[in-house]
>>> print(open('data25.cif').read())   # mmCIF, C-alpha atoms
data_upload
#
loop_
_atom_site.label_atom_id
_atom_site.label_comp_id
_atom_site.auth_asym_id
_atom_site.auth_seq_id
_atom_site.Cartn_x
_atom_site.Cartn_y
_atom_site.Cartn_z
CA MET A 30 60.03 -56.18 -122.00
CA ASN A 31 63.13 -54.70 -120.34
CA ILE A 32 62.67 -52.40 -117.37
CA ILE A 33 65.56 -50.48 -115.84
CA THR A 34 64.92 -48.75 -112.53
CA ILE A 35 67.16 -46.06 -111.11
CA GLY A 36 67.27 -45.12 -107.45
CA ARG A 37 69.60 -42.31 -106.52
CA GLU A 38 71.02 -40.02 -103.92
CA PHE A 39 69.98 -36.40 -104.33
CA GLY A 40 72.58 -34.62 -106.49
CA SER A 41 74.31 -37.80 -107.69
CA GLY A 42 73.31 -37.30 -111.33
CA GLY A 43 70.99 -40.32 -111.29
CA ARG A 44 68.25 -38.55 -113.20
CA GLU A 45 70.64 -37.37 -115.94
CA LEU A 46 72.08 -40.87 -116.15
CA GLY A 47 68.58 -42.34 -116.49
CA LYS A 48 67.61 -39.92 -119.27
CA ARG A 49 70.82 -40.45 -121.22
CA LEU A 50 70.62 -44.21 -120.72
CA ALA A 51 67.07 -44.27 -122.10
CA ASP A 52 68.24 -42.25 -125.11
CA ALA A 53 71.24 -44.54 -125.68
CA LEU A 54 69.07 -47.66 -125.58
CA GLY A 55 66.02 -46.21 -127.34
CA TYR A 56 63.85 -46.91 -124.25
CA ALA A 57 60.97 -44.82 -122.95
CA TYR A 58 61.87 -42.62 -119.98
CA TYR A 59 59.71 -41.91 -116.93
CA ASP A 60 60.47 -39.51 -114.14
CA ARG A 61 58.56 -36.27 -113.68
CA GLN A 62 55.87 -37.59 -115.98
CA ILE A 63 54.78 -39.86 -113.12
CA ILE A 64 54.14 -36.79 -110.97
CA THR A 65 52.16 -35.03 -113.69
CA SER A 66 50.05 -38.15 -114.26
CA ILE A 67 49.18 -38.32 -110.57
CA ALA A 68 48.46 -34.60 -110.48
CA LYS A 69 46.13 -34.85 -113.46
CA LYS A 70 44.20 -37.79 -112.02
CA LYS A 71 43.88 -36.15 -108.63
CA GLU A 72 43.22 -32.69 -110.01
CA MET A 73 46.09 -31.24 -108.04
CA SER A 74 49.06 -29.18 -109.13
CA ALA A 75 52.22 -31.11 -110.01
CA GLU A 76 54.06 -28.93 -107.51
CA TYR A 77 51.69 -30.00 -104.72
CA VAL A 78 52.11 -33.70 -105.57
CA GLU A 79 55.88 -33.43 -105.79
CA ASP A 80 56.12 -31.58 -102.49
CA ALA A 81 53.88 -34.11 -100.77
CA LEU A 82 55.86 -37.09 -102.01
CA GLU A 83 59.31 -35.61 -101.42
CA LEU A 84 58.87 -33.94 -98.04
CA ASN A 85 60.64 -35.19 -95.00
CA SER A 86 57.83 -35.74 -92.55
CA LEU A 87 54.16 -35.08 -92.14
CA GLN A 88 54.99 -32.54 -89.50
CA ASN A 89 57.20 -30.57 -91.86
CA PHE A 90 54.52 -30.92 -94.44
CA ALA A 91 51.86 -29.40 -92.21
CA PHE A 92 54.09 -26.53 -91.27
CA THR A 93 55.58 -25.67 -94.62
CA PHE A 94 52.86 -26.33 -97.12
CA ARG A 95 50.63 -23.54 -98.36
CA ASN A 96 47.52 -25.11 -96.76
CA SER A 97 49.12 -24.86 -93.40
CA PHE A 98 45.79 -24.78 -91.61
CA ALA A 99 45.17 -28.42 -92.55
CA SER A 100 45.49 -30.95 -89.77
CA ASP A 101 48.13 -33.69 -89.66
CA ASP A 102 45.40 -36.28 -90.24
CA VAL A 103 44.32 -34.68 -93.50
CA MET A 104 47.95 -34.42 -94.60
CA GLN A 105 48.61 -38.04 -93.76
CA SER A 106 45.59 -39.31 -95.65
CA THR A 107 46.49 -37.15 -98.65
CA ARG A 108 50.00 -38.57 -98.72
CA ILE A 109 48.81 -42.15 -98.45
CA ASP A 110 46.39 -41.48 -101.27
CA LEU A 111 49.19 -40.04 -103.41
CA TYR A 112 51.51 -43.00 -102.74
CA THR A 113 48.71 -45.35 -103.76
CA GLU A 114 48.13 -43.39 -106.95
CA GLN A 115 51.86 -43.40 -107.64
CA ARG A 116 51.92 -47.20 -107.38
CA LYS A 117 49.04 -47.43 -109.86
CA VAL A 118 50.69 -45.06 -112.34
CA ILE A 119 53.93 -47.08 -112.21
CA GLU A 120 52.05 -50.32 -112.74
CA GLU A 121 50.26 -48.79 -115.72
CA ILE A 122 53.62 -47.85 -117.22
CA ALA A 123 54.83 -51.45 -116.92
CA ALA A 124 51.55 -52.81 -118.27
CA LYS A 125 52.23 -50.99 -121.54
CA GLY A 126 54.89 -53.63 -122.17
CA LYS A 127 57.48 -51.24 -123.56
CA ASN A 128 61.18 -51.18 -122.71
CA CYS A 129 61.71 -48.30 -120.31
CA VAL A 130 63.85 -46.54 -117.73
CA ILE A 131 62.05 -45.38 -114.57
CA VAL A 132 63.80 -42.98 -112.20
CA GLY A 133 62.97 -43.03 -108.49
CA ARG A 134 59.64 -43.83 -106.81
CA ASN A 135 60.84 -47.31 -105.68
CA ALA A 136 59.85 -48.71 -109.06
CA ASP A 137 62.34 -51.59 -108.52
CA VAL A 138 60.20 -52.86 -105.66
CA LEU A 139 56.79 -51.98 -107.09
CA LEU A 140 57.61 -53.79 -110.34
CA GLU A 141 59.44 -56.75 -108.80
CA LYS A 142 57.33 -59.28 -110.71
CA TYR A 143 58.71 -57.89 -114.00
CA HIS A 144 62.31 -58.57 -112.85
CA PRO A 145 63.65 -55.08 -113.53
CA PHE A 146 67.38 -54.42 -113.73
CA SER A 147 67.81 -52.17 -110.70
CA ILE A 148 70.50 -49.52 -110.46
CA PHE A 149 71.32 -47.15 -107.62
CA VAL A 150 73.38 -44.03 -108.33
CA CYS A 151 75.47 -42.44 -105.59
CA ALA A 152 78.31 -39.96 -105.05
CA SER A 153 80.25 -38.51 -102.16
CA THR A 154 78.51 -35.71 -100.28
CA ASP A 155 80.99 -33.12 -101.57
CA ALA A 156 80.55 -34.27 -105.17
CA ARG A 157 76.77 -34.01 -104.81
CA VAL A 158 76.92 -30.53 -103.33
CA LYS A 159 79.19 -29.47 -106.20
CA ARG A 160 76.76 -30.88 -108.76
CA CYS A 161 73.83 -29.10 -107.10
CA LEU A 162 75.67 -25.78 -107.01
CA GLU A 163 76.50 -26.12 -110.71
CA ARG A 164 72.91 -26.75 -111.71
CA THR A 165 71.34 -24.12 -109.46
CA LYS A 166 69.50 -21.65 -111.64
CA GLU A 167 70.47 -18.02 -111.46
CA GLY A 168 68.23 -16.18 -109.08
CA GLU A 169 67.63 -19.26 -106.91
CA GLN A 170 70.70 -18.53 -104.84
CA LEU A 171 70.59 -21.49 -102.52
CA THR A 172 73.55 -21.43 -100.17
CA GLU A 173 75.76 -24.47 -99.79
CA LYS A 174 74.36 -24.93 -96.30
CA GLN A 175 70.78 -24.93 -97.61
CA ILE A 176 71.73 -27.46 -100.29
CA ARG A 177 73.28 -29.78 -97.70
CA LEU A 178 70.14 -29.55 -95.56
CA ASN A 179 67.83 -30.18 -98.53
CA MET A 180 69.94 -33.13 -99.66
CA LYS A 181 69.79 -34.72 -96.25
CA ARG A 182 66.06 -34.11 -95.85
CA ILE A 183 65.09 -35.43 -99.27
CA ASP A 184 67.28 -38.53 -99.01
CA LYS A 185 65.99 -39.25 -95.52
CA ASN A 186 62.45 -39.11 -96.89
CA ARG A 187 63.40 -41.43 -99.75
CA ALA A 188 64.85 -43.90 -97.26
CA THR A 189 61.89 -43.86 -94.89
CA SER A 190 59.20 -43.89 -97.57
CA ARG A 191 60.93 -46.90 -99.19
CA ASN A 192 60.57 -48.87 -95.98
CA ILE A 193 56.77 -48.53 -96.21
CA ILE A 194 56.86 -51.12 -98.99
CA THR A 195 60.07 -53.14 -98.59
CA GLU A 196 62.79 -54.41 -96.28
CA LYS A 197 65.36 -53.69 -98.99
CA ASP A 198 66.84 -50.56 -97.46
CA TRP A 199 67.39 -47.47 -99.58
CA GLY A 200 70.97 -47.18 -100.86
CA GLU A 201 72.11 -50.49 -99.33
CA ARG A 202 74.43 -52.51 -101.56
CA THR A 203 72.33 -55.68 -101.48
CA SER A 204 69.10 -53.84 -102.31
CA TYR A 205 70.01 -53.28 -105.98
CA ASP A 206 71.65 -55.17 -108.83
CA LEU A 207 74.24 -52.48 -109.45
CA ILE A 208 75.48 -49.38 -107.64
CA ILE A 209 77.23 -46.72 -109.68
CA ASN A 210 79.39 -44.09 -107.97
CA THR A 211 79.54 -40.89 -110.03
CA THR A 212 82.07 -39.07 -107.81
CA GLY A 213 84.53 -37.25 -110.03
CA ARG A 214 82.92 -38.60 -113.22
CA GLU A 215 80.95 -36.99 -116.03
CA ILE A 216 77.57 -38.68 -116.41
CA LYS A 217 77.82 -38.71 -120.19
CA GLN A 218 81.15 -40.55 -119.98
CA LEU A 219 79.55 -43.29 -117.86
CA VAL A 220 76.50 -43.84 -120.08
CA PRO A 221 78.06 -46.10 -122.76
CA ALA A 222 79.38 -48.45 -120.05
CA VAL A 223 76.01 -48.63 -118.30
CA ALA A 224 74.21 -49.15 -121.63
CA GLU A 225 76.54 -52.04 -122.52
CA TYR A 226 76.01 -53.60 -119.11
CA ALA A 227 72.23 -53.36 -119.50
CA LYS A 228 72.33 -54.88 -122.99
CA ALA A 229 74.42 -57.84 -121.81
CA TRP A 230 72.21 -58.17 -118.72
CA PHE A 231 69.01 -58.54 -120.73
CA GLN A 232 70.73 -60.70 -123.35
CA ALA A 233 71.79 -63.16 -120.65
CA GLU A 234 68.20 -63.15 -119.36
CA ILE A 235 69.47 -62.66 -115.82
CA MET B 7 97.52 -50.18 -118.89
CA ASN B 8 94.09 -51.13 -117.55
CA ILE B 9 93.82 -52.31 -113.96
CA ILE B 10 90.60 -53.72 -112.53
CA THR B 11 90.47 -54.24 -108.77
CA ILE B 12 87.89 -56.40 -107.05
CA GLY B 13 86.98 -56.09 -103.38
CA ARG B 14 84.41 -58.52 -102.10
CA GLU B 15 82.37 -59.88 -99.26
CA PHE B 16 83.33 -63.38 -98.24
CA GLY B 17 81.20 -65.86 -100.19
CA SER B 18 79.88 -63.33 -102.70
CA GLY B 19 81.62 -64.97 -105.67
CA GLY B 20 83.98 -62.02 -106.15
CA ARG B 21 86.99 -64.23 -106.74
CA GLU B 22 85.20 -66.31 -109.38
CA LEU B 23 83.96 -63.13 -111.02
CA GLY B 24 87.51 -61.74 -111.08
CA LYS B 25 88.94 -64.89 -112.64
CA ARG B 26 86.24 -65.15 -115.28
CA LEU B 27 86.47 -61.43 -116.03
CA ALA B 28 90.23 -61.69 -116.56
CA ASP B 29 89.65 -64.64 -118.90
CA ALA B 30 86.93 -62.78 -120.83
CA LEU B 31 89.14 -59.71 -121.30
CA GLY B 32 92.44 -61.55 -121.81
CA TYR B 33 93.91 -59.81 -118.74
CA ALA B 34 96.39 -61.23 -116.24
CA TYR B 35 94.81 -62.36 -112.99
CA TYR B 36 96.24 -61.94 -109.48
CA ASP B 37 94.84 -63.31 -106.27
CA ARG B 38 96.48 -66.14 -104.37
CA GLN B 39 99.64 -65.57 -106.36
CA ILE B 40 100.19 -62.45 -104.24
CA ILE B 41 100.25 -64.60 -101.12
CA THR B 42 102.70 -67.08 -102.61
CA SER B 43 105.00 -64.25 -103.73
CA ILE B 44 105.08 -62.84 -100.21
CA ALA B 45 105.63 -66.30 -98.72
CA LYS B 46 108.54 -66.96 -101.08
CA LYS B 47 110.22 -63.64 -100.31
CA LYS B 48 109.76 -64.05 -96.57
CA GLU B 49 110.59 -67.77 -96.57
CA MET B 50 107.30 -68.57 -94.87
CA SER B 51 104.55 -70.98 -95.82
CA ALA B 52 101.72 -69.56 -97.92
CA GLU B 53 99.31 -70.84 -95.30
CA TYR B 54 101.08 -68.83 -92.58
CA VAL B 55 101.00 -65.65 -94.67
CA GLU B 56 97.35 -66.10 -95.59
CA ASP B 57 96.36 -66.74 -91.98
CA ALA B 58 98.30 -63.73 -90.76
CA LEU B 59 96.71 -61.40 -93.31
CA GLU B 60 93.16 -62.73 -93.00
CA LEU B 61 92.81 -63.17 -89.25
CA ASN B 62 90.50 -61.04 -87.22
CA SER B 63 92.80 -59.62 -84.57
CA LEU B 64 96.29 -59.98 -83.23
CA GLN B 65 94.88 -61.57 -80.15
CA ASN B 66 93.15 -64.29 -82.12
CA PHE B 67 96.32 -64.71 -84.07
CA ALA B 68 98.39 -65.34 -80.96
CA PHE B 69 95.92 -67.84 -79.62
CA THR B 70 95.17 -69.79 -82.74
CA PHE B 71 98.38 -69.89 -84.67
CA ARG B 72 100.73 -72.82 -84.38
CA ASN B 73 103.46 -70.66 -82.76
CA SER B 74 101.13 -69.88 -79.95
CA PHE B 75 103.97 -69.22 -77.55
CA ALA B 76 104.94 -66.08 -79.48
CA SER B 77 104.12 -62.77 -77.85
CA ASP B 78 101.61 -60.29 -79.21
CA ASP B 79 104.46 -57.90 -80.04
CA VAL B 80 106.15 -60.43 -82.27
CA MET B 81 102.85 -61.20 -83.96
CA GLN B 82 102.14 -57.54 -84.50
CA SER B 83 105.50 -56.82 -86.06
CA THR B 84 105.18 -59.90 -88.30
CA ARG B 85 101.81 -58.73 -89.56
CA ILE B 86 103.03 -55.20 -90.24
CA ASP B 87 105.95 -56.69 -92.10
CA LEU B 88 103.61 -58.84 -94.19
CA TYR B 89 101.31 -55.92 -95.03
CA THR B 90 104.34 -53.95 -96.16
CA GLU B 91 105.51 -56.82 -98.33
CA GLN B 92 102.00 -57.18 -99.75
CA ARG B 93 102.03 -53.52 -100.79
CA LYS B 94 105.36 -54.02 -102.53
CA VAL B 95 104.19 -57.13 -104.38
CA ILE B 96 101.08 -55.31 -105.60
CA GLU B 97 103.15 -52.35 -106.76
CA GLU B 98 105.46 -54.72 -108.62
CA ILE B 99 102.47 -56.21 -110.41
CA ALA B 100 101.35 -52.77 -111.56
CA ALA B 101 104.89 -51.81 -112.55
CA LYS B 102 104.84 -54.63 -115.11
CA GLY B 103 102.48 -52.44 -117.12
CA LYS B 104 100.15 -55.24 -118.18
CA ASN B 105 96.36 -55.17 -118.14
CA CYS B 106 95.23 -57.11 -115.12
CA VAL B 107 92.53 -58.00 -112.61
CA ILE B 108 93.59 -57.98 -108.94
CA VAL B 109 91.30 -59.54 -106.34
CA GLY B 110 91.33 -58.26 -102.77
CA ARG B 111 94.24 -56.79 -100.76
CA ASN B 112 92.95 -53.19 -101.13
CA ALA B 113 94.69 -52.95 -104.49
CA ASP B 114 92.26 -50.16 -105.49
CA VAL B 115 93.77 -47.92 -102.80
CA LEU B 116 97.37 -49.09 -103.10
CA LEU B 117 97.32 -48.49 -106.86
CA GLU B 118 95.31 -45.25 -106.82
CA LYS B 119 97.88 -43.43 -108.97
CA TYR B 120 97.17 -45.86 -111.82
CA HIS B 121 93.44 -44.98 -111.74
CA PRO B 122 92.15 -48.54 -111.51
CA PHE B 123 88.54 -49.38 -112.26
CA SER B 124 87.39 -50.52 -108.82
CA ILE B 125 84.62 -53.03 -108.31
CA PHE B 126 83.12 -54.37 -105.08
CA VAL B 127 81.15 -57.63 -105.14
CA CYS B 128 78.47 -58.31 -102.53
CA ALA B 129 75.50 -60.57 -101.84
CA SER B 130 72.93 -61.07 -99.12
CA THR B 131 74.13 -63.03 -96.08
CA ASP B 132 71.89 -65.99 -96.95
CA ALA B 133 73.13 -66.08 -100.55
CA ARG B 134 76.72 -66.06 -99.32
CA VAL B 135 76.15 -68.87 -96.85
CA LYS B 136 74.50 -70.90 -99.63
CA ARG B 137 77.47 -70.31 -101.94
CA CYS B 138 79.92 -71.33 -99.20
CA LEU B 139 77.98 -74.52 -98.41
CA GLU B 140 77.96 -75.45 -102.10
CA ARG B 141 81.69 -75.03 -102.47
CA THR B 142 82.68 -76.71 -99.19
CA LYS B 143 84.83 -79.69 -100.01
CA GLU B 144 83.71 -83.09 -98.84
CA GLY B 145 85.36 -83.94 -95.56
CA GLU B 146 85.59 -80.31 -94.44
CA GLN B 147 82.14 -80.45 -92.94
CA LEU B 148 81.84 -76.87 -91.76
CA THR B 149 78.45 -76.28 -90.23
CA GLU B 150 76.31 -73.37 -91.36
CA LYS B 151 76.94 -71.74 -88.00
CA GLN B 152 80.72 -72.01 -88.45
CA ILE B 153 80.46 -70.56 -91.94
CA ARG B 154 78.47 -67.59 -90.66
CA LEU B 155 81.07 -66.96 -87.93
CA ASN B 156 83.98 -67.25 -90.39
CA MET B 157 82.28 -64.94 -92.84
CA LYS B 158 81.75 -62.31 -90.19
CA ARG B 159 85.29 -62.59 -88.84
CA ILE B 160 87.01 -62.43 -92.21
CA ASP B 161 84.93 -59.51 -93.47
CA LYS B 162 85.47 -57.64 -90.22
CA ASN B 163 89.21 -58.08 -90.67
CA ARG B 164 88.99 -56.88 -94.26
CA ALA B 165 87.13 -53.78 -93.10
CA THR B 166 89.52 -52.93 -90.28
CA SER B 167 92.72 -53.68 -92.19
CA ARG B 168 91.49 -51.45 -95.03
CA ASN B 169 91.22 -48.52 -92.64
CA ILE B 170 94.96 -48.76 -91.95
CA ILE B 171 95.55 -47.25 -95.38
CA THR B 172 92.42 -45.33 -96.35
CA GLU B 173 89.32 -43.48 -95.22
CA LYS B 174 87.36 -45.13 -98.02
CA ASP B 175 85.47 -47.64 -95.91
CA TRP B 176 85.29 -51.26 -96.95
CA GLY B 177 82.05 -52.11 -98.79
CA GLU B 178 80.72 -48.52 -98.72
CA ARG B 179 79.01 -47.43 -101.91
CA THR B 180 81.14 -44.33 -102.44
CA SER B 181 84.42 -46.23 -101.94
CA TYR B 182 84.28 -48.00 -105.32
CA ASP B 183 83.35 -47.20 -108.91
CA LEU B 184 80.85 -50.05 -109.15
CA ILE B 185 79.14 -52.42 -106.71
CA ILE B 186 77.77 -55.67 -108.08
CA ASN B 187 75.20 -57.66 -106.12
CA THR B 188 75.38 -61.38 -106.98
CA THR B 189 72.37 -62.45 -104.87
CA GLY B 190 70.39 -64.99 -106.84
CA ARG B 191 72.68 -64.71 -109.89
CA GLU B 192 75.13 -67.09 -111.51
CA ILE B 193 78.57 -65.48 -111.71
CA LYS B 194 79.14 -66.71 -115.25
CA GLN B 195 75.90 -65.03 -116.36
CA LEU B 196 77.11 -61.69 -114.99
CA VAL B 197 80.57 -61.79 -116.55
CA PRO B 198 79.69 -60.60 -120.10
CA ALA B 199 77.92 -57.54 -118.66
CA VAL B 200 80.85 -56.66 -116.40
CA ALA B 201 83.32 -57.21 -119.25
CA GLU B 202 81.34 -54.86 -121.52
CA TYR B 203 81.20 -52.24 -118.76
CA ALA B 204 84.97 -52.47 -118.26
CA LYS B 205 85.67 -52.18 -122.00
CA ALA B 206 83.48 -49.09 -122.34
CA TRP B 207 85.00 -47.67 -119.13
CA PHE B 208 88.57 -47.86 -120.43
CA GLN B 209 87.52 -46.75 -123.92
CA ALA B 210 86.00 -43.57 -122.46
CA GLU B 211 89.23 -43.04 -120.52
CA ILE B 212 87.23 -42.36 -117.37
#
>>> encode(input="data25.cif", output="structure tokens")
Amino acid sequence: MNIITIGREFGSGGRELGKRLADALGYAYYDRQIITSIAKKKEMSAEYVEDALELNSLQNFAFTFRNSFASDDVMQSTRIDLYTEQRKVIEEIAAKGKNCVIVGRNADVLLEKYHPFSIFVCASTDARVKRCLERTKEGEQLTEKQIRLNMKRIDKNRATSRNIITEKDWGERTSYDLIINTTGREIKQLVPAVAEYAKAWFQAEI
Amino acid sequence: MNIITIGREFGSGGRELGKRLADALGYAYYDRQIITSIAKKKEMSAEYVEDALELNSLQNFAFTFRNSFASDDVMQSTRIDLYTEQRKVIEEIAAKGKNCVIVGRNADVLLEKYHPFSIFVCASTDARVKRCLERTKEGEQLTEKQIRLNMKRIDKNRATSRNIITEKDWGERTSYDLIINTTGREIKQLVPAVAEYAKAWFQAEI
């Protein structure tokens, strides 16, 4: 079984790269589906689960979430519960034994025993802001300033939540097998190269 | 013309990867040859040129080099002269118009107008020390402590000398197209994957 994991900076195109890579290789693809699985098991809305797992801090969480009357303690225990469920869902995916691409959720660390090929996708801050502005839906009207703040907040949360389970720091060059910089590149142009790398990687049984 | 540039951490196996990659692709390979070209032009020994371009600081240079009576000013002007010559030699290589792999010397920045495919090779500190110990020639007898100090000093010099010519920091993920982590891997196992990536990269005219 070949597992490819993709960590990414917000707005770097990592998710698109993961989806296209899975298509190119004929692998299963997991991203948002992990959230919906957790939501179903926990009888929560997918939006709730996503917010809880992506928010910057418990404090922010308590202040910004719809159940704002809940105490920090309740929030904290909910989050821990959701992280635990997330780990289980990711392990269930691997246990299926199918070749797959998993985006985010520290799957590279959680599935270490399966020796995944781990990729991290990055881009310059300006390139990421540009990508976010391009994909903003009409009516959403996020300003560039709001996008920059969101980007920083989400990535900070990714970095800190990763350190709950590993010393391999988020985004650090020695924490992954390969880091791909998408600055100034079209994701679809990069996909054949990444697919060829992955094929040769698994063929060499690295 | 396809140019691949390889930056690397000391002891990461970047040089070996560059050589094997050039062989796999049938490209010309440039590394130490750049030093010998400069030495020939300047009528200096290759050892002198290499020391001057790899040393940590001008102060160290003045204290440790055989002409230790020379003033800092003389040392500084010699180094600037050598960096300038290095830039010229690298530009001459590119002007030949042949596909090639160039290791080190910030060739990715110096040859930006040729749109090189830029790789950075890294590994964990422990993996790099291990690689250095394995390749230490008998009789050299560098201790692990000396290797760690050398590693740190040389990489620090690479980082600072890079900033003379660019804002793209040495070893930073958004300064290169691709970062390859060799920790726990055999270089020769990685080469087919990197070669396939490079082929697809140039085919897509990225």
>>> interface_residues(input="data25.cif", of="chain B", to="chain A", cutoff="7 Å", atoms="only C-alpha atoms", output="list in words")
Cys128, Ala129, Ser130, Arg179, Thr180, Tyr182, Asp183, Leu184, Ile185, Ile186, Asn187, Gln195, Pro198, Ala199, Val200, Glu202, Tyr203, Ala206, Trp207, Ala210 and Ile212 of chain B
>>> residues_near_point(input="data25.cif", point="(55.0, -36.8, -109.0)", cutoff="7 Å", atoms="only C-alpha atoms", output="PyMOL selection string")
chain A and resi 61+63-65+67+75+78-79
>>> write_last_selection(input="data25.cif", atoms="C-alpha atoms", output="PDB file, in the frame of the given file")
ATOM      1  CA  ARG A  61      58.560 -36.270-113.680  1.00  0.00           C
ATOM      2  CA  ILE A  63      54.780 -39.860-113.120  1.00  0.00           C
ATOM      3  CA  ILE A  64      54.140 -36.790-110.970  1.00  0.00           C
ATOM      4  CA  THR A  65      52.160 -35.030-113.690  1.00  0.00           C
ATOM      5  CA  ILE A  67      49.180 -38.320-110.570  1.00  0.00           C
ATOM      6  CA  ALA A  75      52.220 -31.110-110.010  1.00  0.00           C
ATOM      7  CA  VAL A  78      52.110 -33.700-105.570  1.00  0.00           C
ATOM      8  CA  GLU A  79      55.880 -33.430-105.790  1.00  0.00           C
TER       9      GLU A  79
END
>>> residues_around(input="data25.cif", residues="Val132 of chain A", least_positions_apart="2", cutoff="9 Å", atoms="only C-alpha atoms", output="PyMOL selection string")
chain A and resi 33-37+43-44+47-48+58-61+130+134-136
>>> atom_distance(input="data25.cif", atom1="atom CA of Phe123 of chain B", atom2="atom CA of Leu27 of chain B")
12.8 Å
>>> residues_around(input="data25.cif", residues="Phe39 of chain A", least_positions_apart="4", cutoff="9 Å", atoms="all atoms listed in the file", output="PyMOL selection string")
chain A and resi 43+151+157+161+179-181+183-184
>>> resolve_selection(input="data25.cif", expression="the PyMOL selection byres ((chain A and resi 162) around 12)", output="MDAnalysis selection string")
chainID A and resid 40 155:161 163:167 169:177 180
>>> atom_distance(input="data25.cif", atom1="atom CA of Gly55 of chain A", atom2="atom CA of Ile131 of chain A")
13.4 Å
